[in-house]
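The file structure.cif comes next; it holds mmCIF, C-alpha atoms.
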```
data_structure
loop_
_atom_site.group_PDB
_atom_site.id
_atom_site.type_symbol
_atom_site.label_atom_id
_atom_site.label_comp_id
_atom_site.auth_asym_id
_atom_site.auth_seq_id
_atom_site.Cartn_x
_atom_site.Cartn_y
_atom_site.Cartn_z
ATOM 1 C CA MET A 21 -50.249 11.680 -224.651
ATOM 2 C CA LYS A 22 -51.655 10.704 -221.261
ATOM 3 C CA ASN A 23 -54.631 9.098 -223.022
ATOM 4 C CA HIS A 24 -52.278 6.751 -224.838
ATOM 5 C CA ALA A 25 -50.502 5.355 -221.755
ATOM 6 C CA GLY A 26 -51.240 1.812 -222.952
ATOM 7 C CA TRP A 27 -49.216 2.416 -226.115
ATOM 8 C CA TRP A 28 -46.299 3.700 -224.055
ATOM 9 C CA TYR A 29 -46.456 0.664 -221.793
ATOM 10 C CA GLY A 30 -46.437 -1.565 -224.854
ATOM 11 C CA GLY A 31 -43.494 0.361 -226.256
ATOM 12 C CA VAL A 32 -41.356 0.098 -223.139
ATOM 13 C CA LEU A 33 -42.158 -3.619 -222.770
ATOM 14 C CA THR A 34 -41.115 -4.176 -226.388
ATOM 15 C CA LEU A 35 -37.866 -2.285 -225.789
ATOM 16 C CA LEU A 36 -37.268 -4.378 -222.668
ATOM 17 C CA CYS A 37 -37.669 -7.653 -224.568
ATOM 18 C CA ILE A 38 -35.398 -6.520 -227.411
ATOM 19 C CA THR A 39 -32.716 -5.218 -225.036
ATOM 20 C CA ILE A 40 -32.782 -8.402 -222.931
ATOM 21 C CA LEU A 41 -32.254 -10.452 -226.090
ATOM 22 C CA VAL A 42 -29.371 -8.231 -227.215
ATOM 23 C CA ALA A 43 -27.837 -8.378 -223.726
ATOM 24 C CA LEU A 44 -27.944 -12.183 -223.837
ATOM 25 C CA MET A 45 -26.142 -12.248 -227.183
ATOM 26 C CA ALA A 46 -23.661 -9.366 -226.831
ATOM 27 C CA GLY A 47 -20.342 -9.404 -225.010
ATOM 28 C CA THR A 48 -16.728 -10.370 -225.510
ATOM 29 C CA THR A 49 -18.143 -13.424 -227.281
ATOM 30 C CA TRP A 50 -21.118 -12.892 -229.591
ATOM 31 C CA ILE A 51 -23.731 -15.624 -229.260
ATOM 32 C CA SER A 52 -26.312 -15.779 -232.050
ATOM 33 C CA LEU A 53 -29.999 -16.592 -231.659
ATOM 34 C CA GLY A 54 -29.379 -20.051 -233.057
ATOM 35 C CA GLN A 55 -26.594 -20.664 -230.541
ATOM 36 C CA LEU A 56 -28.841 -19.466 -227.693
ATOM 37 C CA GLY A 57 -31.378 -22.106 -228.641
ATOM 38 C CA ARG A 58 -28.767 -24.854 -228.795
ATOM 39 C CA ILE A 59 -26.942 -24.124 -225.539
ATOM 40 C CA VAL A 60 -30.090 -24.607 -223.438
ATOM 41 C CA GLY A 61 -29.689 -28.327 -224.023
ATOM 42 C CA ALA A 62 -25.930 -28.299 -223.430
ATOM 43 C CA PRO A 63 -25.363 -27.248 -219.793
ATOM 44 C CA ALA A 64 -21.746 -28.412 -219.869
ATOM 45 C CA SER A 65 -20.776 -26.083 -222.713
ATOM 46 C CA ARG A 66 -18.742 -22.897 -222.376
ATOM 47 C CA ASP A 67 -21.477 -20.809 -223.970
ATOM 48 C CA PHE A 68 -24.024 -22.103 -221.428
ATOM 49 C CA THR A 69 -21.762 -20.945 -218.597
ATOM 50 C CA THR A 70 -21.274 -17.563 -220.262
ATOM 51 C CA VAL A 71 -25.001 -16.969 -220.651
ATOM 52 C CA PHE A 72 -26.471 -18.462 -217.476
ATOM 53 C CA SER A 73 -23.659 -17.833 -215.011
ATOM 54 C CA LEU A 74 -22.522 -14.404 -216.216
ATOM 55 C CA ARG A 75 -25.039 -12.647 -218.451
ATOM 56 C CA VAL A 76 -28.370 -13.693 -216.919
ATOM 57 C CA PRO A 77 -27.443 -12.557 -213.367
ATOM 58 C CA ARG A 78 -26.132 -9.286 -214.802
ATOM 59 C CA ILE A 79 -29.339 -8.707 -216.773
ATOM 60 C CA LEU A 80 -31.605 -9.454 -213.812
ATOM 61 C CA SER A 81 -29.523 -7.214 -211.537
ATOM 62 C CA SER A 82 -29.656 -4.355 -214.037
ATOM 63 C CA LEU A 83 -33.418 -4.652 -214.365
ATOM 64 C CA ILE A 84 -34.161 -4.670 -210.637
ATOM 65 C CA CYS A 85 -31.683 -1.877 -209.897
ATOM 66 C CA GLY A 86 -33.042 0.365 -212.638
ATOM 67 C CA GLY A 87 -36.636 -0.168 -211.556
ATOM 68 C CA SER A 88 -35.811 0.410 -207.881
ATOM 69 C CA LEU A 89 -33.863 3.626 -208.484
ATOM 70 C CA ALA A 90 -36.520 5.058 -210.803
ATOM 71 C CA VAL A 91 -39.321 4.396 -208.314
ATOM 72 C CA ALA A 92 -37.202 5.720 -205.430
ATOM 73 C CA GLY A 93 -36.627 8.948 -207.357
ATOM 74 C CA ALA A 94 -40.332 9.325 -208.123
ATOM 75 C CA LEU A 95 -41.217 8.848 -204.441
ATOM 76 C CA PHE A 96 -38.630 11.375 -203.252
ATOM 77 C CA GLN A 97 -39.990 13.862 -205.784
ATOM 78 C CA ALA A 98 -43.548 13.277 -204.574
ATOM 79 C CA VAL A 99 -42.660 13.850 -200.919
ATOM 80 C CA PHE A 100 -40.270 16.763 -201.409
ATOM 81 C CA ARG A 101 -42.349 18.281 -204.244
ATOM 82 C CA ASN A 102 -39.108 18.693 -206.134
ATOM 83 C CA PRO A 103 -38.658 17.113 -209.596
ATOM 84 C CA ILE A 104 -34.872 16.823 -209.284
ATOM 85 C CA ALA A 105 -34.904 15.074 -205.900
ATOM 86 C CA ASP A 106 -32.934 11.857 -206.374
ATOM 87 C CA PRO A 107 -31.041 9.593 -203.943
ATOM 88 C CA SER A 108 -27.728 10.313 -205.662
ATOM 89 C CA ILE A 109 -28.200 14.104 -205.564
ATOM 90 C CA LEU A 110 -29.624 14.172 -202.019
ATOM 91 C CA GLY A 111 -26.580 12.361 -200.624
ATOM 92 C CA ILE A 112 -28.526 9.259 -199.598
ATOM 93 C CA SER A 113 -26.712 6.891 -201.958
ATOM 94 C CA SER A 114 -23.240 8.203 -201.086
ATOM 95 C CA ALA A 115 -24.038 7.958 -197.358
ATOM 96 C CA ALA A 116 -25.143 4.355 -197.882
ATOM 97 C CA ASP A 117 -21.932 3.600 -199.781
ATOM 98 C CA PHE A 118 -19.789 5.199 -197.058
ATOM 99 C CA PHE A 119 -21.509 3.273 -194.264
ATOM 100 C CA LYS A 120 -21.206 0.064 -196.281
ATOM 101 C CA LEU A 121 -17.454 0.595 -196.533
ATOM 102 C CA GLY A 122 -17.239 1.448 -192.831
ATOM 103 C CA GLY A 123 -19.155 -1.704 -191.992
ATOM 104 C CA ALA A 124 -16.728 -3.830 -193.995
ATOM 105 C CA MET A 125 -13.881 -2.441 -191.880
ATOM 106 C CA LEU A 126 -15.530 -2.275 -188.436
ATOM 107 C CA VAL A 127 -18.100 -5.086 -188.274
ATOM 108 C CA PRO A 128 -17.065 -7.704 -190.847
ATOM 109 C CA TRP A 129 -18.777 -10.377 -188.711
ATOM 110 C CA LEU A 130 -22.258 -8.785 -188.968
ATOM 111 C CA PRO A 131 -24.791 -10.926 -190.933
ATOM 112 C CA GLY A 132 -26.199 -9.015 -193.921
ATOM 113 C CA ARG A 133 -23.598 -6.337 -193.175
ATOM 114 C CA SER A 134 -23.668 -4.527 -196.515
ATOM 115 C CA TRP A 135 -27.433 -4.019 -196.568
ATOM 116 C CA VAL A 136 -27.734 -3.195 -192.861
ATOM 117 C CA MET A 137 -24.971 -0.584 -193.003
ATOM 118 C CA ALA A 138 -26.163 0.850 -196.326
ATOM 119 C CA ILE A 139 -29.695 1.425 -195.084
ATOM 120 C CA LEU A 140 -28.322 2.890 -191.842
ATOM 121 C CA GLY A 141 -26.263 5.354 -193.896
ATOM 122 C CA GLY A 142 -29.270 6.259 -196.004
ATOM 123 C CA LEU A 143 -31.331 6.901 -192.871
ATOM 124 C CA VAL A 144 -28.608 9.137 -191.414
ATOM 125 C CA ALA A 145 -28.557 11.234 -194.596
ATOM 126 C CA LEU A 146 -32.368 11.360 -194.611
ATOM 127 C CA MET A 147 -32.465 12.591 -191.000
ATOM 128 C CA ILE A 148 -29.977 15.344 -191.805
ATOM 129 C CA LEU A 149 -32.000 16.388 -194.852
ATOM 130 C CA THR A 150 -35.266 16.598 -192.945
ATOM 131 C CA SER A 151 -34.010 18.036 -189.640
ATOM 132 C CA GLY A 152 -33.562 21.676 -190.661
ATOM 133 C CA LYS A 153 -35.133 24.228 -192.966
ATOM 134 C CA ALA A 154 -34.181 22.499 -196.211
ATOM 135 C CA LEU A 155 -37.723 21.200 -196.768
ATOM 136 C CA SER A 156 -39.125 24.724 -196.916
ATOM 137 C CA ASN A 157 -37.173 25.638 -200.040
ATOM 138 C CA PRO A 158 -36.534 23.382 -203.072
ATOM 139 C CA TYR A 159 -33.211 25.039 -203.858
ATOM 140 C CA ARG A 160 -31.997 24.749 -200.268
ATOM 141 C CA LEU A 161 -32.933 21.060 -200.256
ATOM 142 C CA ILE A 162 -30.827 20.350 -203.328
ATOM 143 C CA ILE A 163 -27.884 22.424 -202.046
ATOM 144 C CA VAL A 164 -27.922 20.580 -198.713
ATOM 145 C CA GLY A 165 -28.169 17.283 -200.597
ATOM 146 C CA VAL A 166 -25.222 18.116 -202.858
ATOM 147 C CA ALA A 167 -23.187 19.139 -199.800
ATOM 148 C CA LEU A 168 -24.099 15.861 -198.083
ATOM 149 C CA ASP A 169 -23.099 13.908 -201.156
ATOM 150 C CA ALA A 170 -19.728 15.661 -201.372
ATOM 151 C CA THR A 171 -19.140 15.113 -197.649
ATOM 152 C CA PHE A 172 -19.821 11.385 -197.728
ATOM 153 C CA VAL A 173 -17.817 10.912 -200.941
ATOM 154 C CA GLY A 174 -14.897 12.691 -199.277
ATOM 155 C CA LEU A 175 -15.213 10.617 -196.124
ATOM 156 C CA GLN A 176 -15.290 7.466 -198.206
ATOM 157 C CA GLN A 177 -12.115 8.482 -200.013
ATOM 158 C CA LEU A 178 -10.404 9.119 -196.671
ATOM 159 C CA LEU A 179 -11.558 5.773 -195.309
ATOM 160 C CA SER A 180 -10.513 3.887 -198.431
ATOM 161 C CA SER A 181 -7.068 5.483 -198.715
ATOM 162 C CA GLY A 182 -5.555 2.222 -197.450
ATOM 163 C CA ALA A 183 -5.895 -1.216 -198.951
ATOM 164 C CA THR A 184 -9.694 -1.318 -199.019
ATOM 165 C CA GLN A 185 -11.143 -1.035 -202.502
ATOM 166 C CA VAL A 186 -14.059 1.287 -203.165
ATOM 167 C CA SER A 187 -17.149 -0.006 -204.952
ATOM 168 C CA GLN A 188 -16.957 0.517 -208.702
ATOM 169 C CA SER A 189 -20.743 0.691 -209.188
ATOM 170 C CA THR A 190 -20.781 -1.857 -211.957
ATOM 171 C CA PHE A 191 -22.699 -5.041 -212.743
ATOM 172 C CA ASN A 192 -19.540 -6.817 -213.833
ATOM 173 C CA ALA A 193 -19.022 -10.182 -212.111
ATOM 174 C CA MET A 194 -22.461 -10.174 -210.477
ATOM 175 C CA THR A 195 -23.025 -13.579 -208.905
ATOM 176 C CA TRP A 196 -26.276 -15.467 -208.493
ATOM 177 C CA ALA A 197 -26.000 -14.898 -204.737
ATOM 178 C CA ASP A 198 -25.882 -11.099 -205.210
ATOM 179 C CA THR A 199 -28.645 -11.258 -207.790
ATOM 180 C CA THR A 200 -30.892 -13.295 -205.513
ATOM 181 C CA ILE A 201 -30.499 -10.756 -202.700
ATOM 182 C CA LEU A 202 -31.271 -7.913 -205.099
ATOM 183 C CA LEU A 203 -34.339 -9.703 -206.418
ATOM 184 C CA ILE A 204 -35.730 -10.376 -202.943
ATOM 185 C CA LEU A 205 -35.117 -6.841 -201.671
ATOM 186 C CA GLY A 206 -36.150 -5.148 -204.904
ATOM 187 C CA VAL A 207 -39.313 -7.113 -205.644
ATOM 188 C CA LEU A 208 -40.510 -6.636 -202.073
ATOM 189 C CA GLY A 209 -39.881 -2.873 -202.161
ATOM 190 C CA LEU A 210 -41.383 -2.388 -205.610
ATOM 191 C CA PHE A 211 -44.507 -4.336 -204.676
ATOM 192 C CA VAL A 212 -45.033 -2.126 -201.619
ATOM 193 C CA ALA A 213 -44.417 0.983 -203.745
ATOM 194 C CA LEU A 214 -47.129 -0.015 -206.228
ATOM 195 C CA VAL A 215 -49.559 -0.676 -203.368
ATOM 196 C CA LEU A 216 -48.819 2.726 -201.808
ATOM 197 C CA ALA A 217 -48.920 4.661 -205.094
ATOM 198 C CA PRO A 218 -52.188 6.448 -204.167
ATOM 199 C CA TRP A 219 -50.440 7.926 -201.120
ATOM 200 C CA ALA A 220 -48.095 9.829 -203.413
ATOM 201 C CA ASN A 221 -51.127 11.378 -205.123
ATOM 202 C CA TYR A 222 -52.405 12.663 -201.766
ATOM 203 C CA LEU A 223 -49.224 14.703 -201.318
ATOM 204 C CA LYS A 224 -50.192 16.931 -204.221
ATOM 205 C CA LEU A 225 -52.698 18.560 -201.832
ATOM 206 C CA PRO A 226 -51.739 21.019 -199.055
ATOM 207 C CA ASP A 227 -51.096 19.469 -195.648
ATOM 208 C CA ASP A 228 -54.028 21.328 -194.064
ATOM 209 C CA ALA A 229 -56.452 19.957 -196.654
ATOM 210 C CA LEU A 230 -55.260 16.416 -195.967
ATOM 211 C CA ARG A 231 -55.584 16.833 -192.207
ATOM 212 C CA ASN A 232 -59.120 18.170 -192.624
ATOM 213 C CA VAL A 233 -60.203 14.908 -194.227
ATOM 214 C CA GLY A 234 -58.440 12.798 -191.593
ATOM 215 C CA ILE A 235 -55.322 11.739 -193.509
ATOM 216 C CA PRO A 236 -52.230 11.425 -191.227
ATOM 217 C CA VAL A 237 -49.841 13.519 -193.296
ATOM 218 C CA ASN A 238 -46.654 12.776 -191.346
ATOM 219 C CA VAL A 239 -47.265 9.019 -191.365
ATOM 220 C CA LEU A 240 -47.927 9.112 -195.088
ATOM 221 C CA ARG A 241 -44.893 11.259 -195.837
ATOM 222 C CA TRP A 242 -42.470 9.268 -193.701
ATOM 223 C CA SER A 243 -43.738 5.941 -195.002
ATOM 224 C CA LEU A 244 -42.918 6.991 -198.564
ATOM 225 C CA LEU A 245 -39.562 8.497 -197.551
ATOM 226 C CA LEU A 246 -38.509 5.322 -195.760
ATOM 227 C CA LEU A 247 -39.655 3.176 -198.682
ATOM 228 C CA ALA A 248 -37.695 5.308 -201.167
ATOM 229 C CA THR A 249 -34.618 5.133 -198.932
ATOM 230 C CA TYR A 250 -34.988 1.363 -198.665
ATOM 231 C CA LEU A 251 -35.143 0.989 -202.458
ATOM 232 C CA ALA A 252 -32.153 3.249 -203.099
ATOM 233 C CA THR A 253 -29.920 1.796 -200.383
ATOM 234 C CA SER A 254 -30.734 -1.794 -201.359
ATOM 235 C CA VAL A 255 -29.224 -1.051 -204.765
ATOM 236 C CA THR A 256 -26.217 0.723 -203.244
ATOM 237 C CA ALA A 257 -25.568 -2.163 -200.838
ATOM 238 C CA ILE A 258 -24.986 -4.610 -203.689
ATOM 239 C CA VAL A 259 -23.951 -2.532 -206.708
ATOM 240 C CA GLY A 260 -22.833 0.885 -205.477
ATOM 241 C CA VAL A 261 -23.891 4.426 -206.327
ATOM 242 C CA ILE A 262 -25.550 4.869 -209.731
ATOM 243 C CA PRO A 263 -26.634 8.466 -210.409
ATOM 244 C CA PHE A 264 -29.517 10.175 -212.189
ATOM 245 C CA VAL A 265 -31.815 7.206 -212.893
ATOM 246 C CA GLY A 266 -34.290 8.644 -210.396
ATOM 247 C CA ILE A 267 -34.305 12.001 -212.180
ATOM 248 C CA VAL A 268 -34.302 11.021 -215.837
ATOM 249 C CA VAL A 269 -36.976 8.315 -215.742
ATOM 250 C CA PRO A 270 -39.732 9.942 -213.618
ATOM 251 C CA ASN A 271 -39.422 13.280 -215.415
ATOM 252 C CA VAL A 272 -39.722 11.646 -218.821
ATOM 253 C CA ALA A 273 -42.556 9.461 -217.524
ATOM 254 C CA ARG A 274 -44.554 12.498 -216.383
ATOM 255 C CA ARG A 275 -44.346 13.931 -219.865
ATOM 256 C CA ILE A 276 -45.766 10.831 -221.534
ATOM 257 C CA VAL A 277 -48.085 9.100 -219.018
ATOM 258 C CA GLY A 278 -49.067 11.991 -216.749
ATOM 259 C CA HIS A 279 -48.772 12.825 -213.050
ATOM 260 C CA ASP A 280 -51.002 10.119 -211.550
ATOM 261 C CA TYR A 281 -48.623 8.019 -209.455
ATOM 262 C CA GLN A 282 -50.746 4.909 -209.938
ATOM 263 C CA THR A 283 -49.703 5.107 -213.588
ATOM 264 C CA LEU A 284 -46.388 6.877 -213.124
ATOM 265 C CA LEU A 285 -44.789 4.422 -210.676
ATOM 266 C CA PRO A 286 -45.310 1.200 -212.677
ATOM 267 C CA PHE A 287 -44.235 2.947 -215.880
ATOM 268 C CA SER A 288 -41.140 4.365 -214.136
ATOM 269 C CA MET A 289 -40.319 0.888 -212.842
ATOM 270 C CA LEU A 290 -40.385 -0.581 -216.363
ATOM 271 C CA ALA A 291 -38.638 2.376 -218.006
ATOM 272 C CA GLY A 292 -35.960 2.461 -215.299
ATOM 273 C CA ALA A 293 -35.323 -1.252 -215.756
ATOM 274 C CA TRP A 294 -34.928 -0.764 -219.501
ATOM 275 C CA LEU A 295 -32.680 2.303 -219.177
ATOM 276 C CA MET A 296 -30.329 0.602 -216.736
ATOM 277 C CA LEU A 297 -30.093 -2.556 -218.823
ATOM 278 C CA ALA A 298 -29.537 -0.522 -222.005
ATOM 279 C CA ALA A 299 -26.832 1.589 -220.330
ATOM 280 C CA ASP A 300 -25.063 -1.469 -218.927
ATOM 281 C CA THR A 301 -25.275 -3.395 -222.201
ATOM 282 C CA LEU A 302 -23.900 -0.445 -224.153
ATOM 283 C CA GLY A 303 -21.149 0.079 -221.581
ATOM 284 C CA ARG A 304 -19.926 -3.496 -221.803
ATOM 285 C CA THR A 305 -20.010 -3.724 -225.606
ATOM 286 C CA VAL A 306 -18.814 -0.346 -226.856
ATOM 287 C CA ILE A 307 -15.121 -0.938 -226.049
ATOM 288 C CA VAL A 308 -14.869 -4.737 -225.914
ATOM 289 C CA PRO A 309 -12.990 -6.396 -224.197
ATOM 290 C CA SER A 310 -12.969 -3.520 -221.676
ATOM 291 C CA GLU A 311 -16.147 -1.921 -220.392
ATOM 292 C CA ILE A 312 -17.602 1.335 -219.098
ATOM 293 C CA SER A 313 -19.307 1.056 -215.720
ATOM 294 C CA ALA A 314 -23.051 1.556 -215.333
ATOM 295 C CA ALA A 315 -22.425 4.558 -213.062
ATOM 296 C CA THR A 316 -20.302 6.249 -215.728
ATOM 297 C CA MET A 317 -22.868 5.569 -218.435
ATOM 298 C CA MET A 318 -25.663 7.065 -216.322
ATOM 299 C CA ALA A 319 -23.529 10.102 -215.476
ATOM 300 C CA VAL A 320 -23.021 10.706 -219.201
ATOM 301 C CA ILE A 321 -26.748 10.289 -219.877
ATOM 302 C CA GLY A 322 -28.166 11.966 -216.776
ATOM 303 C CA GLY A 323 -25.845 14.944 -216.365
ATOM 304 C CA PRO A 324 -26.855 16.687 -219.602
ATOM 305 C CA PHE A 325 -30.507 15.816 -218.915
ATOM 306 C CA VAL A 326 -30.459 17.649 -215.577
ATOM 307 C CA ILE A 327 -28.661 20.626 -217.132
ATOM 308 C CA ILE A 328 -31.316 20.900 -219.859
ATOM 309 C CA LEU A 329 -34.091 20.492 -217.284
ATOM 310 C CA LEU A 330 -32.706 23.345 -215.186
ATOM 311 C CA GLN A 331 -31.808 25.593 -218.117
ATOM 312 C CA ARG A 332 -35.324 25.370 -219.530
ATOM 313 C CA GLY A 333 -36.769 26.373 -216.176
ATOM 314 C CA ARG A 334 -39.072 23.373 -215.905
ATOM 315 C CA VAL A 335 -38.108 22.534 -212.342
ATOM 316 C CA LEU A 336 -40.124 25.208 -210.571
ATOM 317 C CA HIS A 337 -42.853 25.092 -213.240
ATOM 318 C CA GLY A 338 -43.450 21.407 -212.474
ATOM 319 C CA MET A 339 -43.168 21.771 -208.695
ATOM 320 C CA SER A 340 -46.868 22.219 -208.038
ATOM 321 C CA THR A 341 -47.895 19.137 -210.024
ATOM 322 C CA HIS A 342 -45.772 16.670 -208.069
#
```
This entry written out as C-alpha cells:
Amino acid sequence: MKNHAGWWYGGVLTLLCITILVALMAGTTWISLGQLGRIVGAPASRDFTTVFSLRVPRILSSLICGGSLAVAGALFQAVFRNPIADPSILGISSAADFFKLGGAMLVPWLPGRSWVMAILGGLVALMILTSGKALSNPYRLIIVGVALDATFVGLQQLLSSGATQVSQSTFNAMTWADTTILLILGVLGLFVALVLAPWANYLKLPDDALRNVGIPVNVLRWSLLLLATYLATSVTAIVGVIPFVGIVVPNVARRIVGHDYQTLLPFSMLAGAWLMLAADTLGRTVIVPSEISAATMMAVIGGPFVIILLQRGRVLHGMSTH
C-alpha cells in the first residue's frame, strides 16, 4: 500500500472536501447547496451570518486542530519510539489546560495569557516526563504520562471548584478572533514540522550511529519535542483537551503510507484535519439541537482504537520502526 500513497492522498483530500461541504450545510438549520450559492450575494441575510460567522470559523478551527494534534502525536512517537505516545496520554495537554486555568485566575492582565500559560504547562509536563527513567522503558513512559494526566486533571478540578468554568473542549461558539489565532499558531507549527520531517527519520537509528556521522542527537530530539509540545498546547490554549487524535491518525497512516516521516507527517496532517472535522460535524448534528463535544466524540472513537492496538500486541512490534 505504500506504493499507492498518491491514491491515499487523493482519497483523504476528497473526504476533506465532502466533509467541509456537509459541515457548511448541516446544523440546527439545514442549508442546501442552492441556498449556499445564493447567500454569498446576500451578506445581510440570516443564513449568511449562520454560515460565515458560525460554521466557517468552526470548520477552520476543527481542521487546524486536527492537523496539529495528529502531527504532534507523530512527532512524540518518533522521539519516544512509542506508537501510543500522545499529548493527551502523556499529560501534556492536561498540564496545559491546568496552567491555562491558573493563568486566568492569577494573571488575567497578561497579554496572550491562554497560550503563554498553556505552553508553560506543556513544558512543565515535558520536563517531568524526560527527567527520570521513563524514557528507558515504553511502558514506564506511558504509566508516568497517565499519572501526570490524572494529577493535572485533579488539580484542575480543585482549582475550578469555585465559580470558574472549566474548558469544555468543544468548537461551539468559536469566534473569528479565536480562529485567527489558531490559524496563525497552527500554520506556523505545521510548516516547521514539514520542514523538519527528515529529522524524525534520523531517530529511527541508534544514538551512537547518529553521533558517529556528526548529527547532534540531543538538539534534534529536543527540537522535535518542543515543536510537538507547541502544536499540542496551541490547540489546548484555544479549544481545550481533545484526546487520541495523535494516536489514531499516525498509527493508521503508518499502515497505509509507510514509516517515512516525509510522507507520514503531511498525510497525518490531512487525515487529522478530516477526522476532527468529521467528529465535530457528527457531534453537532446527531442530537440536534444539542451537541456532543469534540472531546467526547474522540474519546468514543479513540478509546476502543487504543484498546485494540494494545490487545493485538502491535505496540511493541512497531516500536523499532518508529
Residues matched by the PyMOL selection byres ((chain A and resi 286) around 9), written as a PDB file with C-alpha atoms, in the coordinates of the input:
```pdb
ATOM      1  CA  GLY A  87     -36.636  -0.168-211.556  1.00  0.00           C
ATOM      2  CA  VAL A  91     -39.321   4.396-208.314  1.00  0.00           C
ATOM      3  CA  LEU A 210     -41.383  -2.388-205.610  1.00  0.00           C
ATOM      4  CA  ALA A 213     -44.417   0.983-203.745  1.00  0.00           C
ATOM      5  CA  LEU A 214     -47.129  -0.015-206.228  1.00  0.00           C
ATOM      6  CA  TYR A 281     -48.623   8.019-209.455  1.00  0.00           C
ATOM      7  CA  GLN A 282     -50.746   4.909-209.938  1.00  0.00           C
ATOM      8  CA  THR A 283     -49.703   5.107-213.588  1.00  0.00           C
ATOM      9  CA  LEU A 284     -46.388   6.877-213.124  1.00  0.00           C
ATOM     10  CA  LEU A 285     -44.789   4.422-210.676  1.00  0.00           C
ATOM     11  CA  PHE A 287     -44.235   2.947-215.880  1.00  0.00           C
ATOM     12  CA  SER A 288     -41.140   4.365-214.136  1.00  0.00           C
ATOM     13  CA  MET A 289     -40.319   0.888-212.842  1.00  0.00           C
ATOM     14  CA  LEU A 290     -40.385  -0.581-216.363  1.00  0.00           C
ATOM     15  CA  ALA A 291     -38.638   2.376-218.006  1.00  0.00           C
TER      16      ALA A 291
END
```
> What does the distance between CA of Val265 in chain A and CA of Ala90 in chain A come to in Å, to one decimal place?
Replying inline: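 Answer for the CA of Val265 in chain A to CA of Ala90 in chain A separation: 5.6 Å.
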> Quick one: residues within 10 Å of range 46-50 of chain A, all atoms listed in the file counted, chain neighbours fewer than 6 positions away excluded, as a PyMOL selection string?
Replying inline: chain A and resi 40+67+70-71+75+301-302+304-311
Counting only C-alpha atoms, which residues in range 214-313 of chain A sit no more than 8 Å from range 196-209 of chain A? For each one, give the nearest pair of atoms and the distance in Å, sorted by chain then residue number, as CSV.
```
residue,atom,partner,partner_atom,distance
A:Leu247,CA,A:Gly209,CA,7.0
A:Tyr250,CA,A:Gly209,CA,7.4
A:Leu251,CA,A:Gly209,CA,6.1
A:Ser254,CA,A:Leu205,CA,6.7
A:Val255,CA,A:Leu202,CA,7.2
A:Ile258,CA,A:Asp198,CA,6.7
```
> Which is closest to Leu80 in chain A among A:Met194, A:Val136, A:Met147, A:Leu230, if we use all atoms listed in the file?
Replying inline: A:Met194
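Between Gly292 in chain A and the candidates A:Gly266, A:Gly323, A:Pro226, A:Pro103, the tightest atom-to-atom separation, counting only C-alpha atoms, involves A:Gly266.
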>> Could you list, as a list of chain:residue names, every residue matched by the PyMOL selection byres ((chain A and resi 113-118) around 6) in this structure?
In response: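 For this structure, the PyMOL selection byres ((chain A and resi 113-118) around 6) resolves to A:Pro107, A:Ser108, A:Gly111, A:Ile112, A:Phe119, A:Lys120, A:Leu121, A:Ala138, A:Gly141, A:Gly142, A:Asp169, A:Phe172, A:Gln176, A:Thr253, A:Val261.
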> Where does the PyMOL selection byres ((chain A and resi 222) around 12) land in this file, that is, which residues does it pick, as JSON, numbers by chain?
Replying inline: {"A": [98, 99, 101, 216, 217, 218, 219, 220, 221, 223, 224, 225, 226, 227, 228, 229, 230, 231, 233, 234, 235, 236, 237, 238, 240, 241, 244, 279, 280, 281, 282, 341, 342]}
> For Leu110 in chain A, which residue out of A:Leu297, A:Val76, A:Ala252, A:Ala193 is the nearest one, using all atoms listed in the file?
Replying inline: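 The shortest atom-to-atom distance to Leu110 in chain A comes from A:Ala252.
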> Which value, in Å to one decimal, gives the distance between CA of Thr195 in chain A and CA of Ile262 in chain A?
Replying inline: 18.6 Å
>> Please compute the CA of Gly322 in chain A-CA of Ile267 in chain A distance, one decimal, in Å.
In response: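 Computing the Euclidean distance for CA of Gly322 in chain A and CA of Ile267 in chain A yields 7.7 Å.
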Kindly list the centre and edge lengths in Å, rounded to one decimal, for the axis-aligned box that covers all listed atoms of range 245-264 of chain A plus 6 Å on each of its six sides, as JSON.
```
{"center_x": -31.2, "center_y": 2.8, "center_z": -204.0, "size_x": 28.8, "size_y": 26.8, "size_z": 28.4}
```
Since fewer atoms than expected are present, regenerate N, CA, C and O atoms for range 162-168 of chain A and write them as a compact mmCIF listing (two decimals), in the coordinates of the input.
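Dumped to part-v7.txt:
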```txt
# COMPACT_ATOMS: atom_id res chain seq x y z
N ILE A 162 -31.81 20.90 -202.39
CA ILE A 162 -30.83 20.35 -203.33
C ILE A 162 -29.41 20.74 -202.92
O ILE A 162 -28.48 19.93 -203.00
N ILE A 163 -29.22 21.98 -202.46
CA ILE A 163 -27.88 22.42 -202.05
C ILE A 163 -27.40 21.61 -200.85
O ILE A 163 -26.25 21.16 -200.81
N VAL A 164 -28.29 21.41 -199.87
CA VAL A 164 -27.92 20.58 -198.71
C VAL A 164 -27.61 19.16 -199.17
O VAL A 164 -26.64 18.53 -198.71
N GLY A 165 -28.41 18.63 -200.09
CA GLY A 165 -28.17 17.28 -200.60
C GLY A 165 -26.83 17.16 -201.31
O GLY A 165 -26.09 16.19 -201.10
N VAL A 166 -26.50 18.13 -202.15
CA VAL A 166 -25.22 18.12 -202.86
C VAL A 166 -24.06 18.20 -201.87
O VAL A 166 -23.05 17.51 -202.01
N ALA A 167 -24.23 19.03 -200.82
CA ALA A 167 -23.19 19.14 -199.80
C ALA A 167 -23.03 17.82 -199.04
O ALA A 167 -21.91 17.38 -198.74
N LEU A 168 -24.15 17.17 -198.73
CA LEU A 168 -24.10 15.86 -198.08
C LEU A 168 -23.38 14.83 -198.96
O LEU A 168 -22.54 14.06 -198.48
```
